[in-house]
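Dumped structure08.cif below, it's mmCIF, C-alpha atoms:
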data_target
#
loop_
_atom_site.group_PDB
_atom_site.id
_atom_site.type_symbol
_atom_site.label_atom_id
_atom_site.label_comp_id
_atom_site.auth_asym_id
_atom_site.auth_seq_id
_atom_site.Cartn_x
_atom_site.Cartn_y
_atom_site.Cartn_z
ATOM 1 C CA MET A 65 52.763 9.209 -11.719
ATOM 2 C CA GLY A 66 49.932 7.186 -13.299
ATOM 3 C CA THR A 67 46.817 6.258 -11.478
ATOM 4 C CA GLU A 68 46.035 2.680 -10.684
ATOM 5 C CA PRO A 69 43.219 2.324 -13.257
ATOM 6 C CA GLU A 70 45.527 3.697 -15.976
ATOM 7 C CA GLU A 71 48.253 1.219 -15.006
ATOM 8 C CA GLU A 72 45.743 -1.648 -14.983
ATOM 9 C CA SER A 73 44.479 -0.592 -18.403
ATOM 10 C CA ALA A 74 48.029 -0.400 -19.789
ATOM 11 C CA ASP A 75 48.785 -3.816 -18.312
ATOM 12 C CA ARG A 76 45.613 -5.248 -19.896
ATOM 13 C CA ASP A 77 46.637 -3.741 -23.242
ATOM 14 C CA THR A 78 50.138 -5.206 -22.929
ATOM 15 C CA ILE A 79 48.749 -8.626 -22.020
ATOM 16 C CA ALA A 80 46.303 -8.438 -24.950
ATOM 17 C CA ALA A 81 49.140 -7.654 -27.368
ATOM 18 C CA GLN A 82 51.280 -10.432 -25.919
ATOM 19 C CA ALA A 83 48.365 -12.880 -26.167
ATOM 20 C CA ALA A 84 47.853 -11.950 -29.813
ATOM 21 C CA HIS A 85 51.552 -12.503 -30.473
ATOM 22 C CA LEU A 86 51.500 -15.844 -28.626
ATOM 23 C CA GLU A 87 48.433 -16.921 -30.618
ATOM 24 C CA THR A 88 50.445 -16.337 -33.795
ATOM 25 C CA VAL A 89 53.774 -17.757 -32.634
ATOM 26 C CA MET A 90 52.629 -21.002 -30.981
ATOM 27 C CA PRO A 91 50.925 -22.497 -34.060
ATOM 28 C CA ALA A 92 53.912 -21.526 -36.208
ATOM 29 C CA ILE A 93 56.278 -23.266 -33.783
ATOM 30 C CA ALA A 94 54.044 -26.326 -33.626
ATOM 31 C CA GLN A 95 53.797 -26.480 -37.405
ATOM 32 C CA ARG A 96 57.553 -26.146 -37.964
ATOM 33 C CA LEU A 97 58.571 -28.582 -35.251
ATOM 34 C CA PHE A 98 55.796 -31.144 -35.142
ATOM 35 C CA THR A 99 54.071 -31.470 -38.509
ATOM 36 C CA VAL A 100 54.881 -34.890 -39.927
ATOM 37 C CA ALA A 101 55.988 -35.278 -43.518
ATOM 38 C CA PRO A 102 53.133 -35.425 -46.054
ATOM 39 C CA THR A 103 54.157 -38.997 -46.853
ATOM 40 C CA HIS A 104 53.755 -40.176 -43.230
ATOM 41 C CA PRO A 105 50.703 -42.431 -42.800
ATOM 42 C CA LEU A 106 49.335 -40.172 -40.048
ATOM 43 C CA ALA A 107 49.734 -36.917 -42.017
ATOM 44 C CA ASP A 108 46.064 -36.804 -43.038
ATOM 45 C CA MET A 109 44.559 -38.248 -39.864
ATOM 46 C CA PRO A 110 41.950 -35.900 -38.365
ATOM 47 C CA ILE A 111 43.031 -34.213 -35.130
ATOM 48 C CA ALA A 112 40.239 -35.839 -33.106
ATOM 49 C CA GLN A 113 41.526 -39.291 -34.073
ATOM 50 C CA LEU A 114 45.112 -38.268 -33.284
ATOM 51 C CA ARG A 115 44.025 -37.021 -29.864
ATOM 52 C CA VAL A 116 42.407 -40.362 -29.049
ATOM 53 C CA CYS A 117 45.427 -42.322 -30.286
ATOM 54 C CA SER A 118 47.841 -40.086 -28.383
ATOM 55 C CA LEU A 119 45.803 -40.564 -25.230
ATOM 56 C CA LEU A 120 45.938 -44.332 -25.712
ATOM 57 C CA LEU A 121 49.743 -44.074 -25.632
ATOM 58 C CA THR A 122 49.532 -42.696 -22.102
ATOM 59 C CA LEU A 123 46.543 -44.537 -20.611
ATOM 60 C CA GLU A 124 46.444 -48.291 -20.329
ATOM 61 C CA ASN A 125 43.231 -49.740 -21.776
ATOM 62 C CA PRO A 126 40.835 -46.921 -20.857
ATOM 63 C CA THR A 127 37.094 -47.325 -21.216
ATOM 64 C CA MET A 128 35.252 -45.239 -23.781
ATOM 65 C CA SER A 129 33.919 -43.013 -20.990
ATOM 66 C CA GLN A 130 37.412 -42.510 -19.555
ATOM 67 C CA VAL A 131 38.594 -41.376 -22.996
ATOM 68 C CA ALA A 132 35.589 -39.039 -23.238
ATOM 69 C CA ASP A 133 36.308 -37.571 -19.795
ATOM 70 C CA GLU A 134 40.006 -37.058 -20.530
ATOM 71 C CA LEU A 135 39.346 -35.338 -23.859
ATOM 72 C CA HIS A 136 36.234 -33.441 -22.673
ATOM 73 C CA ILE A 137 34.055 -34.863 -25.437
ATOM 74 C CA SER A 138 30.938 -37.031 -25.412
ATOM 75 C CA VAL A 139 31.014 -40.817 -25.272
ATOM 76 C CA SER A 140 29.104 -40.899 -28.572
ATOM 77 C CA ALA A 141 31.878 -38.808 -30.178
ATOM 78 C CA VAL A 142 34.477 -41.253 -28.818
ATOM 79 C CA THR A 143 32.425 -44.138 -30.205
ATOM 80 C CA GLN A 144 32.378 -42.565 -33.683
ATOM 81 C CA ILE A 145 36.107 -41.853 -33.551
ATOM 82 C CA ALA A 146 36.820 -45.375 -32.300
ATOM 83 C CA ASP A 147 34.732 -46.814 -35.148
ATOM 84 C CA ARG A 148 36.884 -44.989 -37.700
ATOM 85 C CA LEU A 149 40.136 -45.882 -35.954
ATOM 86 C CA GLU A 150 39.109 -49.519 -35.668
ATOM 87 C CA LYS A 151 38.252 -49.608 -39.373
ATOM 88 C CA ALA A 152 41.735 -48.166 -40.116
ATOM 89 C CA GLY A 153 43.353 -50.863 -37.963
ATOM 90 C CA MET A 154 44.676 -48.337 -35.426
ATOM 91 C CA VAL A 155 42.707 -49.379 -32.327
ATOM 92 C CA GLU A 156 40.744 -52.303 -31.053
ATOM 93 C CA ARG A 157 37.948 -52.614 -28.552
ATOM 94 C CA VAL A 158 38.539 -55.226 -25.910
ATOM 95 C CA PRO A 159 36.238 -56.602 -23.232
ATOM 96 C CA ALA A 160 36.933 -55.550 -19.654
ATOM 97 C CA SER A 161 38.053 -59.045 -18.695
ATOM 98 C CA GLU A 162 40.744 -59.000 -21.396
ATOM 99 C CA ALA A 163 41.794 -55.411 -20.663
ATOM 100 C CA ASN A 164 42.249 -55.577 -16.917
ATOM 101 C CA GLY A 165 40.641 -58.665 -15.456
ATOM 102 C CA GLU A 166 37.255 -57.064 -14.690
ATOM 103 C CA HIS A 167 34.169 -59.146 -15.234
ATOM 104 C CA ASP A 168 31.752 -56.500 -16.495
ATOM 105 C CA ARG A 169 30.793 -57.878 -19.905
ATOM 106 C CA ARG A 170 29.303 -54.536 -20.968
ATOM 107 C CA ALA A 171 32.444 -52.451 -20.448
ATOM 108 C CA ARG A 172 34.588 -52.006 -23.543
ATOM 109 C CA HIS A 173 38.117 -50.704 -23.439
ATOM 110 C CA LEU A 174 40.220 -49.202 -26.192
ATOM 111 C CA ARG A 175 43.807 -49.970 -26.965
ATOM 112 C CA LEU A 176 46.173 -49.304 -29.812
ATOM 113 C CA THR A 177 46.849 -52.157 -32.187
ATOM 114 C CA GLU A 178 50.455 -52.961 -33.036
ATOM 115 C CA LYS A 179 49.998 -50.902 -36.214
ATOM 116 C CA GLY A 180 48.604 -47.973 -34.219
ATOM 117 C CA PHE A 181 51.339 -48.178 -31.603
ATOM 118 C CA SER A 182 54.044 -48.360 -34.253
ATOM 119 C CA LEU A 183 52.690 -45.366 -36.200
ATOM 120 C CA LEU A 184 52.258 -43.259 -33.070
ATOM 121 C CA ARG A 185 55.746 -44.164 -31.889
ATOM 122 C CA SER A 186 57.124 -43.147 -35.298
ATOM 123 C CA ARG A 187 55.198 -39.850 -35.116
ATOM 124 C CA ARG A 188 56.536 -39.175 -31.628
ATOM 125 C CA HIS A 189 60.094 -39.892 -32.791
ATOM 126 C CA PHE A 190 59.681 -37.493 -35.742
ATOM 127 C CA ARG A 191 58.283 -34.739 -33.500
ATOM 128 C CA GLN A 192 61.020 -35.151 -30.900
ATOM 129 C CA SER A 193 63.663 -35.087 -33.636
ATOM 130 C CA GLY A 194 62.317 -31.758 -34.871
ATOM 131 C CA ALA A 195 62.434 -30.342 -31.356
ATOM 132 C CA ARG A 196 65.987 -31.658 -30.845
ATOM 133 C CA ARG A 197 67.162 -30.000 -34.074
ATOM 134 C CA ALA A 198 65.674 -26.650 -33.044
ATOM 135 C CA LEU A 199 66.924 -26.871 -29.449
ATOM 136 C CA ALA A 200 70.439 -27.612 -30.702
ATOM 137 C CA HIS A 201 70.559 -24.009 -31.989
ATOM 138 C CA LEU A 202 70.105 -22.661 -28.445
ATOM 139 C CA THR A 203 72.595 -22.498 -25.612
ATOM 140 C CA SER A 204 72.059 -24.653 -22.565
ATOM 141 C CA GLU A 205 70.955 -21.568 -20.635
ATOM 142 C CA GLU A 206 68.477 -20.564 -23.354
ATOM 143 C CA ARG A 207 67.018 -24.082 -23.413
ATOM 144 C CA GLY A 208 66.598 -24.013 -19.641
ATOM 145 C CA ARG A 209 64.852 -20.624 -19.698
ATOM 146 C CA LEU A 210 62.640 -21.677 -22.612
ATOM 147 C CA LEU A 211 61.494 -24.895 -20.973
ATOM 148 C CA GLU A 212 60.946 -23.167 -17.631
ATOM 149 C CA SER A 213 58.878 -20.468 -19.348
ATOM 150 C CA LEU A 214 56.820 -23.036 -21.236
ATOM 151 C CA GLU A 215 56.135 -24.944 -18.000
ATOM 152 C CA THR A 216 55.081 -21.668 -16.351
ATOM 153 C CA LEU A 217 52.762 -20.915 -19.286
ATOM 154 C CA LEU A 218 51.296 -24.412 -19.078
ATOM 155 C CA GLN A 219 50.586 -23.973 -15.358
ATOM 156 C CA ALA A 220 49.012 -20.556 -15.992
ATOM 157 C CA SER A 221 46.828 -22.017 -18.737
ATOM 158 C CA ARG A 222 45.583 -24.669 -16.325
ATOM 159 C CA MET A 223 44.737 -22.014 -13.739
ATOM 160 C CA SER A 224 42.842 -19.940 -16.292
ATOM 161 C CA ALA A 225 40.668 -22.777 -17.621
ATOM 162 C CA ALA A 226 37.620 -21.563 -15.681
ATOM 163 C CA ASP A 227 38.255 -17.994 -16.878
ATOM 164 C CA THR A 228 38.200 -19.229 -20.481
ATOM 165 C CA GLU A 229 34.730 -20.692 -20.019
ATOM 166 C CA ASP A 230 33.522 -17.384 -18.539
ATOM 167 C CA VAL A 231 34.919 -15.391 -21.482
ATOM 168 C CA PHE A 232 33.331 -17.794 -23.979
ATOM 169 C CA ASP A 233 29.983 -17.506 -22.188
ATOM 170 C CA GLU A 234 30.251 -13.676 -22.218
ATOM 171 C CA LYS A 235 30.907 -13.672 -25.986
ATOM 172 C CA LEU A 236 27.834 -15.848 -26.571
ATOM 173 C CA THR A 237 25.542 -13.687 -24.463
ATOM 174 C CA SER A 238 26.855 -10.179 -25.217
ATOM 175 C CA PRO A 239 24.811 -8.211 -27.772
ATOM 176 C CA GLY A 240 27.751 -6.833 -29.787
#

Any chance you could put this one into structure tokens?
Amino acid sequence: MGTEPEEESADRDTIAAQAAHLETVMPAIAQRLFTVAPTHPLADMPIAQLRVCSLLLTLENPTMSQVADELHISVSAVTQIADRLEKAGMVERVPASEANGEHDRRARHLRLTEKGFSLLRSRRHFRQSGARRALAHLTSEERGRLLESLETLLQASRMSAADTEDVFDEKLTSPG
């Protein structure tokens, strides 16, 4: 019978191998299911701009600082991204009074333009179609297990967010 430290070490090794496999599989799944056609207008949009636009689909007229907080980036980065998106006709800045009736003249909110909304909606439809086609190859039971497992993984990833920062800090400060 193995000792506890040996079992813990074997478990760590198993988890490390599974993490390496997951790191390979998840991007491949995402690429196969969710990459839009090269001819789609959003195909070449930088990921940072897509993240802001996608967030604007879910939040109603957020301020620049709300976008920064949600995406864990600086307000100046959001400003630069918004400048590019505004130039492309994807978003518009609106005063607080127009966005939600506030009277703070300094506050600026972001919202998708009709063009931006339409393109993001088309992207979402394409991505969901890809997922539907793949899911159609699974049984109902397999789909249920898959979605339950993905939800469990998502919850675990949220719980480990602080651990990730610790590991990153260790890598930066360790001598090797």

Pick from A:Val131, A:Ala152, A:Gln144, A:His85, whichever lies nearest to Arg115 (chain A) using all atoms listed in the file
A:Val131

Would you kindly return, as an MDAnalysis selection string, each protein, DNA or RNA residue with an atom no farther than 8 Å from any atom of region 169-185 of chain A, considering all atoms listed in the file and excluding same-chain residues fewer than 3 positions away?
chainID A and resid 105:106 117:118 120:121 124:128 146 153:161 163 188:189

Distance CA of Gln192 (chain A)-CA of Pro110 (chain A), one decimal place?
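So the two atoms, CA of Gln192 (chain A) and CA of Pro110 (chain A), lie 20.5 Å apart.
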
Selection: 10 Å around Ala112 (chain A), only C-alpha atoms, excl. self and same-chain fewer than 4 positions, as a PyMOL selection string
chain A and resi 116-118+135+137+141-142+145

Do you have the CA of Leu202 (chain A)-CA of Ala94 (chain A) distance handy?
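Spanning CA of Leu202 (chain A) to CA of Ala94 (chain A) is a straight-line distance of 17.3 Å.
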
Using only C-alpha atoms, I'd like a table of the residues in region 124-237 of chain A that come within 8 Å of region 96-99 of chain A; for each, show the closest atom pair and its distance in Å rounded to one decimal, ordered by chain and ascending number, as JSON lines.
{"residue": "A:Phe190", "atom": "CA", "partner": "A:Phe98", "partner_atom": "CA", "distance": 7.5}
{"residue": "A:Arg191", "atom": "CA", "partner": "A:Phe98", "partner_atom": "CA", "distance": 4.7}
{"residue": "A:Gln192", "atom": "CA", "partner": "A:Phe98", "partner_atom": "CA", "distance": 7.8}
{"residue": "A:Gly194", "atom": "CA", "partner": "A:Leu97", "partner_atom": "CA", "distance": 4.9}
{"residue": "A:Ala195", "atom": "CA", "partner": "A:Leu97", "partner_atom": "CA", "distance": 5.8}
{"residue": "A:Ala198", "atom": "CA", "partner": "A:Leu97", "partner_atom": "CA", "distance": 7.7}

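Pairwise distance (CA of Val89 (chain A), CA of Leu214 (chain A)) equals 12.9 Å.
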